[in-house]
Amino acid sequence: MKLSKFPYLVQNEIFENLEHSDLFWMSLQSQNMKKLIKSSQAKRFQSISGITYAKFGCKWYVFIRFKAINNEPERVEFIMTMSEHSDDTKNVCFRLNVSGRIVGFRLSNEYPLPELYFHPIHKTSAFKAIHNCLLDYFGDTVKYIWITKSYPWIVKSRKQFIPQLPNLSVLSDFWPGDSEVKDNLEAYFAASPDLKQFCINGNALELMSTVPKFYQADFIRIFRPCFRTVDAFFLNFQGRQATLFDCQWGFSRLRPFMNRWKSGEAFQKLEYFKMIKQQQPYSMNLHRVPNVNGMKHIDTTKKPPTHSVPDLYTPGPSFPKSNTDPITSHTYIVRETDNRVASVSFQGGNFSFGVWDKTEEEFLRMVK
Amino acid sequence: MSSTEQGTSSAAPAEPTTAPESAAAPEVPESFYYVHGKDKVVHKVSAGALQHSALIHGMISNLGYTEEQAKANPFPFENIDGDILQMVVDWCNQHKGKPTPPEDTNLPKQKEKLFDLVLAVNYLEIKELLTYCCKQVAMMVKGKSPEEIREIWMIPTDAEDEAAEKEAKKRAGKEAAGETAAAAGDAK
């Protein structure tokens with residue numbers, strides 16, 4: 001049965017019945033096949049939001065992420081797995097030319113998917129070949145994300161592996177625990193490409209002699225930040241969402257933070273910010289919003305709208321994407337530069353700040 | 001409602017034996033048409049069954065053939081093997097006037113037969129059957145390794161594609177040279 005003998009519309013209908021992973025493997029058969037799939041499935045590709053590499057256990061998983069529809073959990077589809085082995089010729093089922101490099105594959109014992117099998121010394125080149133291949137196939141309009149998690153109790157003395165690849169963003173949970181990892185902290189930040197999401201223990205940041213570039217990440221979570229880290233956060237954060245967990249410090253910085261947001265001087269991209277207080281008897285326990293010039297209040301007899309945006313945190317492929325914690329507050333401030341509103345709340349001593357994509361007039365129309 | 005005929009005609013459809021009791025419009029006798037494939041075996045098919053094929057439906061609409069005229073003028077589909085046309089006719093009869101189910105498990109399992117059926121169904125523009133066939137063709141490679149996919153669908157490698165392209169260019173060059181020579185000869 002020669003697929004090429006079918007008319008274009010028939011080929012298209014056959015492809016429509018295949019998963020993206022099947023199509024991707026077919027695209028590796030030849031340049032002509034790749035061209036055919038890309039041209040016939042162009043519309044279908046529009047539902048893809050990104051390609052993610054994530055390491056779980058001893059394997060890397062490569063999967064497609066689809067755009068969320070109607071607030072439903074994000075759908076993902078695995079394409080392949082990758083693993084390293086000192087004998088990369090063992091168990092190889094077939095070899096393919098991937099971006100000009102012949103690489104070996106075996107059949108995964110976990111998923112009915114091919115698994116790229118490479119020697120540790122070829123790790124960088126293997127990822128480069130696969131990434132270039134994916135980039136060529138899916139194009140540069142989708143996001144390529146590298147999820148890396150480092151836990152000292154799992155990854156003993158191992159350096160983080162983040163390849164330097166074009167169009168690659170990094171989502172990282174980083175818990176440096178041993179001395180070697182600490183020594184490599186600055187090298188890690190220097191080497192990391194476009195950081196999009198970062199979770200880190202505040203103590204580790206204290207070890208840095210320079211302000212790390214992760215403050216430019218879209219999303220950050222800092223656990224137990226020290227005083228210096230909280231200050232660095234308020235001075236340098238340029239992203240969209242941030243949560244500071246287990247905070248003892250920094251509540252005194254909230255007034256200048258809100259003033260800087262209100263004037264449009266900083267935090268222009270901010271959508272959501274939360275400070276969670278340290279659960280200690282001696283920690284500060286604020287129950288009212290610090291007074292800021294221009295703070296506005298909705299009549300207490302009325303119901304304010306609830307702020308919640310899609311949470312950028314991406315812990316893993318099977319984790320349903322949820323929204324940020326809802327903020328329902330009678331208090332808000334308005335940014336002077338574009339009249340955008342931010343709901344401001346203190347609940348149980350935790351501070352929440354949610355920026356609306358609405359002007360004050362539009363916001364007040366939602367009050368019931 | 002259909003029969004296969006070795007080039008002979010069949011009797012006209014039977015008339016209803018009892019008149020309808022209701023005062024509704026009288027039942028119109030079903031009209032039949034005749035088709036044959038490469039093997040010239042003529043199949044008698046009702047217009048209702050043929051509605052599945054957009055191509056044939058378009059051909060018979062407003063044709064106004066009498067039974068005799070239809071019998072005398074079977075539609076020839078010389079590009080379709082007899083056994084494949086039989087499958088198509090059977091499918092159209094089975095699904096005449098019924099909603100099509102979400103799946104059809106009665107399609108041929110043999111690769112070559114399925115391939116021919118896809119081409120025939122695409123030509124005859126039978127949308128639902130084409131959808132089933134394409135689904136079955138796709139299922140053949142689901143979960144298969146790239147090498148197995150290449151084998152099942154006979155996908156040429158880059159080297160084979162290049163060789164075929166060179167060959168096609170060479171042939172086109174020769175044909176063009178032949179045409180030029182012929183034109184020069186005509187001019188003389």
# chains A, B, ... in the order shown; residues from 1 in each chain; ligands from 1

$ select_by_dssp --residues "chain B" --states "strand (DSSP E)" --output "VMD selection string"
chain B and resid 3 to 5 32 to 36 42 to 46 75 to 76

$ write_last_selection --atoms "all heavy atoms" --output "CSV table (one decimal), in the first residue's frame"
chain,number,residue,atom,x,y,z
B,3,SER,N,-29.3,-6.6,-7.4
B,3,SER,CA,-28.9,-7.9,-7.8
B,3,SER,C,-27.7,-7.7,-8.8
B,3,SER,O,-27.5,-6.7,-9.3
B,3,SER,CB,-30.0,-8.6,-8.6
B,3,SER,OG,-30.3,-7.9,-9.7
B,4,THR,N,-26.9,-8.8,-8.9
B,4,THR,CA,-25.8,-8.7,-9.8
B,4,THR,C,-26.1,-9.5,-11.0
B,4,THR,O,-26.7,-10.6,-11.0
B,4,THR,CB,-24.5,-9.4,-9.2
B,4,THR,OG1,-24.3,-8.7,-8.0
B,4,THR,CG2,-23.3,-9.3,-10.1
B,5,GLU,N,-25.9,-8.8,-12.2
B,5,GLU,CA,-26.4,-9.4,-13.4
B,5,GLU,C,-25.2,-9.6,-14.4
B,5,GLU,O,-24.4,-8.7,-14.5
B,5,GLU,CB,-27.5,-8.6,-14.1
B,5,GLU,CG,-28.6,-8.3,-13.1
B,5,GLU,CD,-29.6,-7.4,-13.7
B,5,GLU,OE1,-29.5,-7.0,-14.9
B,5,GLU,OE2,-30.6,-7.1,-13.0
B,32,PHE,N,-34.3,2.3,-10.2
B,32,PHE,CA,-33.0,1.6,-10.2
B,32,PHE,C,-32.1,2.0,-11.3
B,32,PHE,O,-32.5,2.4,-12.3
B,32,PHE,CB,-33.2,0.1,-10.3
B,32,PHE,CG,-33.8,-0.5,-9.0
B,32,PHE,CD1,-35.2,-0.4,-8.8
B,32,PHE,CD2,-33.1,-1.1,-8.1
B,32,PHE,CE1,-35.8,-0.9,-7.7
B,32,PHE,CE2,-33.6,-1.6,-6.9
B,32,PHE,CZ,-35.0,-1.5,-6.7
B,33,TYR,N,-30.8,1.9,-11.0
B,33,TYR,CA,-29.8,2.2,-12.0
B,33,TYR,C,-28.8,1.1,-12.0
B,33,TYR,O,-28.8,0.2,-11.2
B,33,TYR,CB,-29.0,3.5,-11.6
B,33,TYR,CG,-30.0,4.7,-11.8
B,33,TYR,CD1,-30.8,5.1,-10.7
B,33,TYR,CD2,-30.1,5.4,-13.0
B,33,TYR,CE1,-31.7,6.2,-10.9
B,33,TYR,CE2,-31.0,6.4,-13.2
B,33,TYR,CZ,-31.8,6.8,-12.1
B,33,TYR,OH,-32.6,7.9,-12.3
B,34,TYR,N,-27.9,1.1,-13.0
B,34,TYR,CA,-27.0,0.0,-13.3
B,34,TYR,C,-25.6,0.5,-13.4
B,34,TYR,O,-25.3,1.5,-14.0
B,34,TYR,CB,-27.4,-0.8,-14.6
B,34,TYR,CG,-28.8,-1.3,-14.5
B,34,TYR,CD1,-29.9,-0.5,-14.6
B,34,TYR,CD2,-29.0,-2.7,-14.1
B,34,TYR,CE1,-31.2,-1.0,-14.5
B,34,TYR,CE2,-30.3,-3.2,-14.0
B,34,TYR,CZ,-31.4,-2.4,-14.2
B,34,TYR,OH,-32.6,-2.9,-14.0
B,35,VAL,N,-24.7,-0.2,-12.7
B,35,VAL,CA,-23.3,0.2,-12.7
B,35,VAL,C,-22.4,-1.0,-13.0
B,35,VAL,O,-22.8,-2.1,-12.7
B,35,VAL,CB,-22.8,0.8,-11.4
B,35,VAL,CG1,-23.5,2.1,-11.1
B,35,VAL,CG2,-23.0,-0.1,-10.2
B,36,HIS,N,-21.3,-0.8,-13.7
B,36,HIS,CA,-20.3,-1.9,-13.8
B,36,HIS,C,-18.9,-1.4,-13.6
B,36,HIS,O,-18.6,-0.3,-13.9
B,36,HIS,CB,-20.6,-2.7,-15.1
B,36,HIS,CG,-20.1,-2.0,-16.3
B,36,HIS,ND1,-18.8,-1.9,-16.7
B,36,HIS,CD2,-20.8,-1.4,-17.3
B,36,HIS,CE1,-18.7,-1.2,-17.8
B,36,HIS,NE2,-19.9,-0.9,-18.2
B,42,VAL,N,-22.6,-6.3,-14.3
B,42,VAL,CA,-23.5,-5.2,-14.0
B,42,VAL,C,-24.2,-5.4,-12.7
B,42,VAL,O,-24.7,-6.5,-12.4
B,42,VAL,CB,-24.5,-5.0,-15.2
B,42,VAL,CG1,-25.6,-4.0,-14.9
B,42,VAL,CG2,-23.8,-4.7,-16.5
B,43,HIS,N,-24.3,-4.3,-11.9
B,43,HIS,CA,-24.9,-4.3,-10.6
B,43,HIS,C,-26.1,-3.4,-10.7
B,43,HIS,O,-26.0,-2.3,-11.1
B,43,HIS,CB,-24.0,-3.8,-9.5
B,43,HIS,CG,-22.7,-4.6,-9.4
B,43,HIS,ND1,-22.5,-5.7,-8.6
B,43,HIS,CD2,-21.5,-4.4,-10.0
B,43,HIS,CE1,-21.3,-6.1,-8.7
B,43,HIS,NE2,-20.7,-5.3,-9.6
B,44,LYS,N,-27.3,-4.0,-10.2
B,44,LYS,CA,-28.5,-3.1,-10.2
B,44,LYS,C,-28.6,-2.5,-8.8
B,44,LYS,O,-28.6,-3.3,-7.8
B,44,LYS,CB,-29.7,-4.0,-10.5
B,44,LYS,CG,-31.0,-3.3,-10.5
B,44,LYS,CD,-32.1,-4.3,-10.7
B,44,LYS,CE,-33.5,-3.5,-10.7
B,44,LYS,NZ,-34.6,-4.5,-10.8
B,45,VAL,N,-28.7,-1.2,-8.7
B,45,VAL,CA,-28.7,-0.5,-7.4
B,45,VAL,C,-29.8,0.5,-7.4
B,45,VAL,O,-30.0,1.2,-8.4
B,45,VAL,CB,-27.3,0.2,-7.2
B,45,VAL,CG1,-27.1,0.4,-5.7
B,45,VAL,CG2,-26.1,-0.6,-7.7
B,46,SER,N,-30.4,0.5,-6.3
B,46,SER,CA,-31.5,1.5,-6.1
B,46,SER,C,-31.0,2.9,-6.0
B,46,SER,O,-29.9,3.2,-5.6
B,46,SER,CB,-32.4,1.2,-4.9
B,46,SER,OG,-31.6,1.5,-3.7
B,75,PHE,N,-23.8,2.7,-15.8
B,75,PHE,CA,-22.7,3.6,-15.6
B,75,PHE,C,-21.4,2.8,-15.6
B,75,PHE,O,-21.2,1.9,-14.7
B,75,PHE,CB,-22.8,4.4,-14.3
B,75,PHE,CG,-24.0,5.3,-14.4
B,75,PHE,CD1,-25.1,5.1,-13.6
B,75,PHE,CD2,-23.9,6.5,-15.2
B,75,PHE,CE1,-26.2,6.0,-13.7
B,75,PHE,CE2,-25.0,7.4,-15.2
B,75,PHE,CZ,-26.1,7.1,-14.5
B,76,PRO,N,-20.4,3.1,-16.5
B,76,PRO,CA,-19.2,2.3,-16.5
B,76,PRO,C,-18.1,2.9,-15.5
B,76,PRO,O,-17.9,4.1,-15.6
B,76,PRO,CB,-18.7,2.4,-17.9
B,76,PRO,CG,-19.3,3.7,-18.4
B,76,PRO,CD,-20.5,4.1,-17.6

$ interface_residues --of "chain A" --to "chain B" --cutoff "10 Å" --atoms "only C-alpha atoms" --output "PDB file with N, CA and C atoms, in the first residue's frame"
ATOM      1  N   MET A   1       0.846  -1.196   0.000  1.00  0.00           N
ATOM      2  CA  MET A   1       0.000   0.000   0.000  1.00  0.00           C
ATOM      3  C   MET A   1       0.882   1.247   0.000  1.00  0.00           C
ATOM      4  N   LYS A   2       0.882   1.941  -1.111  1.00  0.00           N
ATOM      5  CA  LYS A   2       1.725   3.129  -1.205  1.00  0.00           C
ATOM      6  C   LYS A   2       0.921   4.359  -0.791  1.00  0.00           C
ATOM      7  N   LEU A   3       1.300   4.958   0.303  1.00  0.00           N
ATOM      8  CA  LEU A   3       0.586   6.138   0.779  1.00  0.00           C
ATOM      9  C   LEU A   3       0.649   7.272  -0.243  1.00  0.00           C
ATOM     10  N   SER A   4       1.786   7.357  -0.930  1.00  0.00           N
ATOM     11  CA  SER A   4       1.968   8.459  -1.885  1.00  0.00           C
ATOM     12  C   SER A   4       1.019   8.360  -3.073  1.00  0.00           C
ATOM     13  N   LYS A   5       0.435   7.176  -3.290  1.00  0.00           N
ATOM     14  CA  LYS A   5      -0.488   7.028  -4.429  1.00  0.00           C
ATOM     15  C   LYS A   5      -1.884   7.555  -4.107  1.00  0.00           C
ATOM     16  N   PHE A   6      -2.143   7.803  -2.829  1.00  0.00           N
ATOM     17  CA  PHE A   6      -3.462   8.338  -2.463  1.00  0.00           C
ATOM     18  C   PHE A   6      -3.546   9.819  -2.828  1.00  0.00           C
ATOM     19  N   PRO A   7      -4.735  10.277  -3.245  1.00  0.00           N
ATOM     20  CA  PRO A   7      -4.888  11.722  -3.487  1.00  0.00           C
ATOM     21  C   PRO A   7      -4.643  12.508  -2.190  1.00  0.00           C
ATOM     22  N   LEU A   9      -6.275  14.749  -0.567  1.00  0.00           N
ATOM     23  CA  LEU A   9      -7.366  14.826   0.414  1.00  0.00           C
ATOM     24  C   LEU A   9      -7.509  13.535   1.216  1.00  0.00           C
ATOM     25  N   VAL A  10      -7.230  12.418   0.554  1.00  0.00           N
ATOM     26  CA  VAL A  10      -7.295  11.140   1.256  1.00  0.00           C
ATOM     27  C   VAL A  10      -6.144  11.042   2.262  1.00  0.00           C
ATOM     28  N   GLN A  11      -4.955  11.443   1.813  1.00  0.00           N
ATOM     29  CA  GLN A  11      -3.806  11.442   2.740  1.00  0.00           C
ATOM     30  C   GLN A  11      -4.134  12.288   3.963  1.00  0.00           C
ATOM     31  N   ASN A  12      -4.734  13.433   3.682  1.00  0.00           N
ATOM     32  CA  ASN A  12      -5.086  14.355   4.767  1.00  0.00           C
ATOM     33  C   ASN A  12      -6.057  13.690   5.748  1.00  0.00           C
ATOM     34  N   GLU A  13      -7.061  13.000   5.204  1.00  0.00           N
ATOM     35  CA  GLU A  13      -8.050  12.337   6.063  1.00  0.00           C
ATOM     36  C   GLU A  13      -7.398  11.220   6.892  1.00  0.00           C
ATOM     37  N   ILE A  14      -6.454  10.509   6.288  1.00  0.00           N
ATOM     38  CA  ILE A  14      -5.735   9.458   7.035  1.00  0.00           C
ATOM     39  C   ILE A  14      -4.942  10.103   8.179  1.00  0.00           C
ATOM     40  N   PHE A  15      -4.246  11.183   7.872  1.00  0.00           N
ATOM     41  CA  PHE A  15      -3.446  11.866   8.905  1.00  0.00           C
ATOM     42  C   PHE A  15      -4.327  12.378  10.049  1.00  0.00           C
ATOM     43  N   GLU A  16      -5.545  12.809   9.697  1.00  0.00           N
ATOM     44  CA  GLU A  16      -6.451  13.329  10.728  1.00  0.00           C
ATOM     45  C   GLU A  16      -6.772  12.261  11.770  1.00  0.00           C
ATOM     46  N   ASN A  17      -6.690  11.000  11.347  1.00  0.00           N
ATOM     47  CA  ASN A  17      -6.993   9.899  12.257  1.00  0.00           C
ATOM     48  C   ASN A  17      -5.785   9.428  13.062  1.00  0.00           C
ATOM     49  N   LEU A  18      -4.654  10.091  12.868  1.00  0.00           N
ATOM     50  CA  LEU A  18      -3.451   9.702  13.601  1.00  0.00           C
ATOM     51  C   LEU A  18      -3.148  10.685  14.718  1.00  0.00           C
ATOM     52  N   GLU A  19      -2.521  10.178  15.757  1.00  0.00           N
ATOM     53  CA  GLU A  19      -2.097  11.057  16.852  1.00  0.00           C
ATOM     54  C   GLU A  19      -0.917  11.892  16.370  1.00  0.00           C
ATOM     55  N   SER A  21       1.854  12.138  17.826  1.00  0.00           N
ATOM     56  CA  SER A  21       3.102  11.377  18.004  1.00  0.00           C
ATOM     57  C   SER A  21       3.349  10.473  16.787  1.00  0.00           C
ATOM     58  N   ASP A  22       2.283   9.846  16.268  1.00  0.00           N
ATOM     59  CA  ASP A  22       2.440   9.008  15.069  1.00  0.00           C
ATOM     60  C   ASP A  22       2.919   9.852  13.889  1.00  0.00           C
ATOM     61  N   LEU A  23       2.317  11.032  13.763  1.00  0.00           N
ATOM     62  CA  LEU A  23       2.687  11.904  12.648  1.00  0.00           C
ATOM     63  C   LEU A  23       4.138  12.349  12.759  1.00  0.00           C
ATOM     64  N   PHE A  24       4.553  12.626  14.002  1.00  0.00           N
ATOM     65  CA  PHE A  24       5.939  13.056  14.187  1.00  0.00           C
ATOM     66  C   PHE A  24       6.896  11.955  13.737  1.00  0.00           C
ATOM     67  N   TRP A  25       6.599  10.717  14.129  1.00  0.00           N
ATOM     68  CA  TRP A  25       7.485   9.613  13.725  1.00  0.00           C
ATOM     69  C   TRP A  25       7.462   9.412  12.227  1.00  0.00           C
ATOM     70  N   MET A  26       6.292   9.635  11.632  1.00  0.00           N
ATOM     71  CA  MET A  26       6.222   9.513  10.168  1.00  0.00           C
ATOM     72  C   MET A  26       7.043  10.590   9.492  1.00  0.00           C
ATOM     73  N   SER A  27       7.074  11.770  10.114  1.00  0.00           N
ATOM     74  CA  SER A  27       7.805  12.886   9.503  1.00  0.00           C
ATOM     75  C   SER A  27       9.303  12.597   9.438  1.00  0.00           C
ATOM     76  N   LEU A  28       9.781  11.670  10.267  1.00  0.00           N
ATOM     77  CA  LEU A  28      11.210  11.345  10.251  1.00  0.00           C
ATOM     78  C   LEU A  28      11.570  10.377   9.113  1.00  0.00           C
ATOM     79  N   GLN A  29      10.547   9.895   8.420  1.00  0.00           N
ATOM     80  CA  GLN A  29      10.802   8.944   7.335  1.00  0.00           C
ATOM     81  C   GLN A  29      11.536   9.594   6.170  1.00  0.00           C
ATOM     82  N   SER A  30      11.133  10.793   5.834  1.00  0.00           N
ATOM     83  CA  SER A  30      11.787  11.478   4.707  1.00  0.00           C
ATOM     84  C   SER A  30      11.400  12.962   4.727  1.00  0.00           C
ATOM     85  N   GLN A  31      12.162  13.735   3.995  1.00  0.00           N
ATOM     86  CA  GLN A  31      11.879  15.177   3.904  1.00  0.00           C
ATOM     87  C   GLN A  31      10.516  15.408   3.243  1.00  0.00           C
ATOM     88  N   ASN A  32      10.225  14.608   2.221  1.00  0.00           N
ATOM     89  CA  ASN A  32       8.943  14.776   1.523  1.00  0.00           C
ATOM     90  C   ASN A  32       7.764  14.482   2.448  1.00  0.00           C
ATOM     91  N   MET A  33       7.929  13.452   3.281  1.00  0.00           N
ATOM     92  CA  MET A  33       6.854  13.092   4.204  1.00  0.00           C
ATOM     93  C   MET A  33       6.658  14.224   5.211  1.00  0.00           C
ATOM     94  N   CYS A  93      16.659  -0.862  18.560  1.00  0.00           N
ATOM     95  CA  CYS A  93      15.772  -1.525  17.592  1.00  0.00           C
ATOM     96  C   CYS A  93      15.940  -0.947  16.188  1.00  0.00           C
ATOM     97  N   PHE A  94      16.129   0.330  16.126  1.00  0.00           N
ATOM     98  CA  PHE A  94      16.277   0.952  14.810  1.00  0.00           C
ATOM     99  C   PHE A  94      17.053   2.258  14.947  1.00  0.00           C
ATOM    100  N   ARG A  95      17.605   2.692  13.829  1.00  0.00           N
ATOM    101  CA  ARG A  95      18.344   3.953  13.835  1.00  0.00           C
ATOM    102  C   ARG A  95      17.689   4.896  12.845  1.00  0.00           C
ATOM    103  N   LEU A  96      17.712   6.173  13.172  1.00  0.00           N
ATOM    104  CA  LEU A  96      17.107   7.166  12.282  1.00  0.00           C
ATOM    105  C   LEU A  96      18.041   8.353  12.131  1.00  0.00           C
ATOM    106  N   PHE A 105      17.364   4.071  18.540  1.00  0.00           N
ATOM    107  CA  PHE A 105      16.127   4.049  19.325  1.00  0.00           C
ATOM    108  C   PHE A 105      15.841   2.623  19.769  1.00  0.00           C
ATOM    109  N   ARG A 106      15.201   2.513  20.886  1.00  0.00           N
ATOM    110  CA  ARG A 106      14.665   1.222  21.295  1.00  0.00           C
ATOM    111  C   ARG A 106      13.193   1.444  21.614  1.00  0.00           C
ATOM    112  N   LEU A 107      12.469   0.377  21.835  1.00  0.00           N
ATOM    113  CA  LEU A 107      11.057   0.562  22.174  1.00  0.00           C
ATOM    114  C   LEU A 107      10.932   0.644  23.684  1.00  0.00           C
ATOM    115  N   TYR A 111       5.930   3.044  27.665  1.00  0.00           N
ATOM    116  CA  TYR A 111       4.927   3.589  26.751  1.00  0.00           C
ATOM    117  C   TYR A 111       5.155   2.967  25.374  1.00  0.00           C
ATOM    118  N   PRO A 112       4.106   2.872  24.579  1.00  0.00           N
ATOM    119  CA  PRO A 112       4.324   2.363  23.221  1.00  0.00           C
ATOM    120  C   PRO A 112       4.949   3.438  22.345  1.00  0.00           C
ATOM    121  N   LEU A 113       6.083   3.927  22.789  1.00  0.00           N
ATOM    122  CA  LEU A 113       6.740   5.026  22.087  1.00  0.00           C
ATOM    123  C   LEU A 113       8.223   4.700  21.919  1.00  0.00           C
ATOM    124  N   PRO A 114       8.822   5.180  20.843  1.00  0.00           N
ATOM    125  CA  PRO A 114      10.265   4.974  20.702  1.00  0.00           C
ATOM    126  C   PRO A 114      11.030   5.750  21.778  1.00  0.00           C
TER     127      PRO A 114
END

$ closest_residue --among "B:Ala47, B:Ala183, B:Gln86, B:Ala172" --to "B:Gly64" --atoms "only C-alpha atoms"
B:Ala47

$ residues_around --residues "A:Asn293" --least-positions-apart "6" --cutoff "12 Å" --atoms "only C-alpha atoms" --output "VMD selection string"
chain A and resid 255 to 256 258 to 260 262 to 263 332 to 336

$ closest_residue --among "A:Thr229, A:Thr301, A:Thr124, A:Ser352" --to "A:Ile276" --atoms "only C-alpha atoms"
A:Ser352

$ residues_around --residues "A:Lys38" --least-positions-apart "4" --cutoff "9 Å" --atoms "only C-alpha atoms" --output "PyMOL selection string"
chain A and resi 27+33-34+42+45+137-138

$ atom_distance --atom1 "atom CA of A:Thr243" --atom2 "atom CA of A:Ala266"
17.1 Å

$ atom_distance --atom1 "atom CA of A:Met80" --atom2 "atom CA of A:Ser322"
25.5 Å

$ residues_around --residues "A:Asp218" --least-positions-apart "2" --cutoff "6 Å" --atoms "only C-alpha atoms" --output "JSON, numbers by chain"
{"A": [196, 197, 239, 240]}

$ write_last_selection --atoms "N, CA and C atoms" --output "PDB file, in the first residue's frame"
ATOM      1  N   LYS A 196      11.811  30.684  32.569  1.00  0.00           N
ATOM      2  CA  LYS A 196      10.413  31.092  32.565  1.00  0.00           C
ATOM      3  C   LYS A 196       9.770  30.894  33.926  1.00  0.00           C
ATOM      4  N   GLN A 197      10.206  29.864  34.597  1.00  0.00           N
ATOM      5  CA  GLN A 197       9.593  29.548  35.879  1.00  0.00           C
ATOM      6  C   GLN A 197      10.694  29.088  36.814  1.00  0.00           C
ATOM      7  N   GLY A 239       8.523  39.580  36.348  1.00  0.00           N
ATOM      8  CA  GLY A 239       7.662  38.572  35.730  1.00  0.00           C
ATOM      9  C   GLY A 239       6.175  38.791  35.942  1.00  0.00           C
ATOM     10  N   ARG A 240       5.394  37.706  35.730  1.00  0.00           N
ATOM     11  CA  ARG A 240       3.937  37.802  35.760  1.00  0.00           C
ATOM     12  C   ARG A 240       3.319  37.267  37.049  1.00  0.00           C
TER      13      ARG A 240
END

$ atom_distance --atom1 "atom CA of A:Cys247" --atom2 "atom CA of A:Lys149"
22.7 Å
